[in-house]
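Please read the structure below before turning to the comments.
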Amino acid sequence: MHLLPLLLSLSPFAQAPAETEETDEVLEGHSVHGQSFNEGPRQAAYLLETQANVSFPVTAKNEEVQAFFNQGVSFLHGFWYFEAERTFRHIRSLDESCTMALWGMAMANVDNDERAADFARRAWLERDSVTERERMYIDALADFYEVEGEETPKRFQELDEKKEKEETEARKKRRKSRAKDLTKAYSDILWEFPDDLEAKALSVNRLWLNERLGVPISGRQANEAILQQIFEEKPDHPAHHYRIHLWDQKENAERVVDAALASGPSMPTVAHMWHMGGHIFDRLGRHSDAAWQQEASARVDHAHMMRDWILPDQIHNFSHNNEWLTRSLRHHGRVAESVSLAKNMIELPRHPDYNTLDDGSANYGRRRLLETLSLYEQWQALVELTDTHYLDVSDEPKDRADRAHRLAKSHAYLGNWESFEIERLALEEALAEAKAERVTEMEEAEDGVREEGGDRKKIHEAMSDVLDEYQPTLDDIHDQLESLDALRKVLTHEEVTENLELLKERGFEKAHLALLYIGAGEGEKAEEVAREAAKDKKGRIYPKATLAHILYLSGKTEEALELFDELRAWTSRADLSLPALARLAPLAEERGLPEDWRPEVKFAEDIPAEARPDLDSLGPVRWTPIEAPGWKHPDGLGGELALSDYRGRPVVVILFLGFGCVHCVEQLAAFTPAYDEFADRGIDMVAIGTDTPEVLAAGVGEDGEEPYPFPLAADPELELFKSWRAYDDFEEVPLHGTYLIDGAGRVRWLDISFEPFMDWEFLLEESVRLLGLPEPTPYHSRADIEPK
């Protein structure tokens, strides 16, 4: 490593400025516009062929800018915030004077108050360049984020930790009031500009957002009237999304089936617009219709992510949509499909910032996989996953307890009592860990209050808050332990009646409990519990099928047949080999039906053809890694390196911003000792930088010693940076990029950022996991994944 000083001195970036507290100079990869511009998408937007029917006139230099602005607003309506911000940033690169683009960037950061506030402040500082209507929008948002009227508002001033915490809490308390003020501001815009349809749409959405803050919607019918004004002028406006939210309650869902069907087609390139219809069909118990909507949403997301080099969980609501899809499939007995999707969610690339075992697809996928296999009595399939990555859990005691409880339950039903004891012990360990964590957090809470000078009352309150936070988890684990002990006794015929009652008290799955009751000869209790399990479960096959089975065994054949007829309508794609459905064979025989008694697959009568386009036209049914464009660059030794050199074996590719970039040198230094560990697992490594071949050549010692164990290549023209999207199209500067390319040349993992990726241990573990998965299949149609 003694050659590094020479490389630093020779790099054309050697005198590159560094961003510090004392200077406004900018680090490599960082934005010249400040911290808020470092994050978010930094590649160019493009106008989609299918545009929503949105018109939001702004001060812009040409029609192209206006078209992009309309697109950005339509993305806001569809909660496609990542692409909305990209579009508004693109506008600023086309027309730096378009102040409303800053307003749009603020609107796109609903989940990041600091960035939103900064963009809102910047827009407010440029408000004199726009029309009165635009100023009203800008002022409303600046007031909401409390940045109006000051060049440097308090939230952007340097405060000590205690004052910053106090100010943050104070802002949270003021949020309800500010939200009401923003609603009034939209009303004021409509008073002055009554034909502004977008103000009408945004005002209705704001009322729904306010409801989430605890401000109830006073008159849903009044909001419905506002939305109908929009649809009278533009029937295909994406405000159908807001209408769904307005009436998204069980008692009201029937009112907006038309909106559920219109939402996706109104903006077909935005995944969340398809997803929203699923809300309504779920409320109505139409779970296959809900699944269609959610699959459409997933396909649109997959197409977008694969097209634009975006990892799945970078997209707002992606994991939420897919986890809901697993549930919709489960409800209608499509267990193989549900399990396949849950496994796919677990297989997706993980990232420490947005997909981990604690949060994101990996977490959702594991939970839904456990729930589905457990509910449908797939005990053997569940235990076979014990030592696979599919059941990897976080360090949270609650997650570890859930895994251990479901596995122990499976072993109990299979009669594997030795394995049952192992999982029960794991459950006890999770309980002990939760208790230990509670003690630690209580001590930390006490110490924190004392450091702030709090009195005994505040100390007691802080410690009580920790107790309240942990108690539900501890109660759940205690219940799980007691229910396992009771289940063992029931299954081994010990004190059956008493332990069945204990299972009921401890929240044991009601449909499973009903089966235990009927197996113990307690028909009345079985029927009572089965009815409780099926209550308010419209469209859900498992509890309904269990009730029909128990009614039949109890001699109530006519009622059982009526229930069978009801649930049969939902089974078009259900798996009849599932125990819950196999138990219905006698009822199918009573009806004179064939062995495969499922009805024909068809859309409901109230669904028009235009609301159900060919799913394959929307995108692939699964996300799969894309093929990386090839490259060939000089290595500084008189030769060349190419991606094709690594064909047949995986390689980590690091794109760094030259040896004048201090953080890049730190990244290379961090990965240097890890090189052998990657190599031991069959993974190569190469780094390509922005320096010239001459700089690389100068770094080679007289004895041919190279500064790093992995080869270096030069890309001073930034060809690779641009083709692999490690490039800020708006500011025309390279970005840091780290990639895992498999032996077939596909991008299995990536990180593109204003900062280099430093966590080599995470990347090593994730690389081994991803490369150990089954070979990726280029899924496209449903036929590729449906069980044969």
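Residues in the structure tokens are numbered from 1 in each chain, the chains being A, B, ... in the order shown, and ligands are numbered from 1 in the order shown.
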Using only C-alpha atoms, which residues sit within 8 Å of stretch 458-462 of chain A once same-chain residues fewer than 6 positions away are excluded, as a list in words? Met442, Ala445, Glu446, Val449 and Arg450 of chain A
_Residues near A:Ser319, anyone? I mean within 7 Å using only C-alpha atoms, not counting same-chain ones fewer than 4 positions away, as a PyMOL selection string._
chain A and resi 313+323+360-361
Any idea what's packed within 12 Å of A:His275, counting only C-alpha atoms, ignoring anything in its chain fewer than 6 positions away? Could you give it as a PyMOL selection string? chain A and resi 78-80+241+244-245+259-265+267-269+281-282+289-301+317-325+328
For the residues in that selection, give me C-alpha atoms as an mmCIF file, in the first residue's frame.
data_model
loop_
_atom_site.group_PDB
_atom_site.id
_atom_site.type_symbol
_atom_site.label_atom_id
_atom_site.label_comp_id
_atom_site.auth_asym_id
_atom_site.auth_seq_id
_atom_site.Cartn_x
_atom_site.Cartn_y
_atom_site.Cartn_z
ATOM 1 C CA GLY A 78 -50.094 7.690 -7.995
ATOM 2 C CA PHE A 79 -47.763 7.859 -4.959
ATOM 3 C CA TRP A 80 -44.875 7.009 -7.322
ATOM 4 C CA HIS A 241 -56.902 6.695 -6.444
ATOM 5 C CA ILE A 244 -60.704 4.623 -3.292
ATOM 6 C CA HIS A 245 -58.990 5.970 -0.175
ATOM 7 C CA ALA A 259 -63.042 3.428 -9.109
ATOM 8 C CA ALA A 260 -61.227 0.177 -8.329
ATOM 9 C CA LEU A 261 -61.572 -0.785 -11.987
ATOM 10 C CA ALA A 262 -60.739 2.682 -13.356
ATOM 11 C CA SER A 263 -57.683 3.424 -11.212
ATOM 12 C CA GLY A 264 -55.136 1.244 -13.039
ATOM 13 C CA PRO A 265 -56.177 2.109 -16.607
ATOM 14 C CA MET A 267 -52.331 5.605 -15.263
ATOM 15 C CA PRO A 268 -51.217 2.115 -16.377
ATOM 16 C CA THR A 269 -47.474 2.793 -16.042
ATOM 17 C CA PHE A 281 -61.888 -6.107 -3.803
ATOM 18 C CA ASP A 282 -60.225 -7.275 -0.582
ATOM 19 C CA ASP A 289 -59.969 -9.992 -8.150
ATOM 20 C CA ALA A 290 -57.746 -8.336 -5.552
ATOM 21 C CA ALA A 291 -54.903 -10.670 -6.543
ATOM 22 C CA TRP A 292 -55.303 -9.680 -10.201
ATOM 23 C CA GLN A 293 -54.891 -6.020 -9.270
ATOM 24 C CA GLN A 294 -51.864 -6.713 -7.103
ATOM 25 C CA GLU A 295 -50.215 -8.917 -9.712
ATOM 26 C CA ALA A 296 -50.719 -6.131 -12.257
ATOM 27 C CA SER A 297 -49.043 -3.728 -9.840
ATOM 28 C CA ALA A 298 -46.098 -6.077 -9.300
ATOM 29 C CA ARG A 299 -45.615 -6.569 -13.030
ATOM 30 C CA VAL A 300 -45.529 -2.823 -13.704
ATOM 31 C CA ASP A 301 -43.009 -2.378 -10.888
ATOM 32 C CA ASN A 317 -45.053 0.321 -1.606
ATOM 33 C CA PHE A 318 -43.440 -2.492 -3.649
ATOM 34 C CA SER A 319 -43.039 -4.911 -0.733
ATOM 35 C CA HIS A 320 -46.432 -3.856 0.677
ATOM 36 C CA ASN A 321 -48.138 -4.739 -2.602
ATOM 37 C CA ASN A 322 -46.448 -8.122 -2.880
ATOM 38 C CA GLU A 323 -47.092 -9.137 0.713
ATOM 39 C CA TRP A 324 -50.759 -8.281 0.196
ATOM 40 C CA LEU A 325 -50.750 -10.382 -2.967
ATOM 41 C CA SER A 328 -55.009 -12.546 -1.464
#
Taking into account only C-alpha atoms, which residue in the set A:His633, A:Arg175, A:Lys544, A:His389 is nearest to A:Gly772?
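Distance minimum relative to A:Gly772 lands on A:His389.
For the set A:Ala253, A:Lys457, A:Glu437, A:Leu587, the residue with the smallest atom-to-atom gap to A:Gly278 is A:Ala253, counting only C-alpha atoms.
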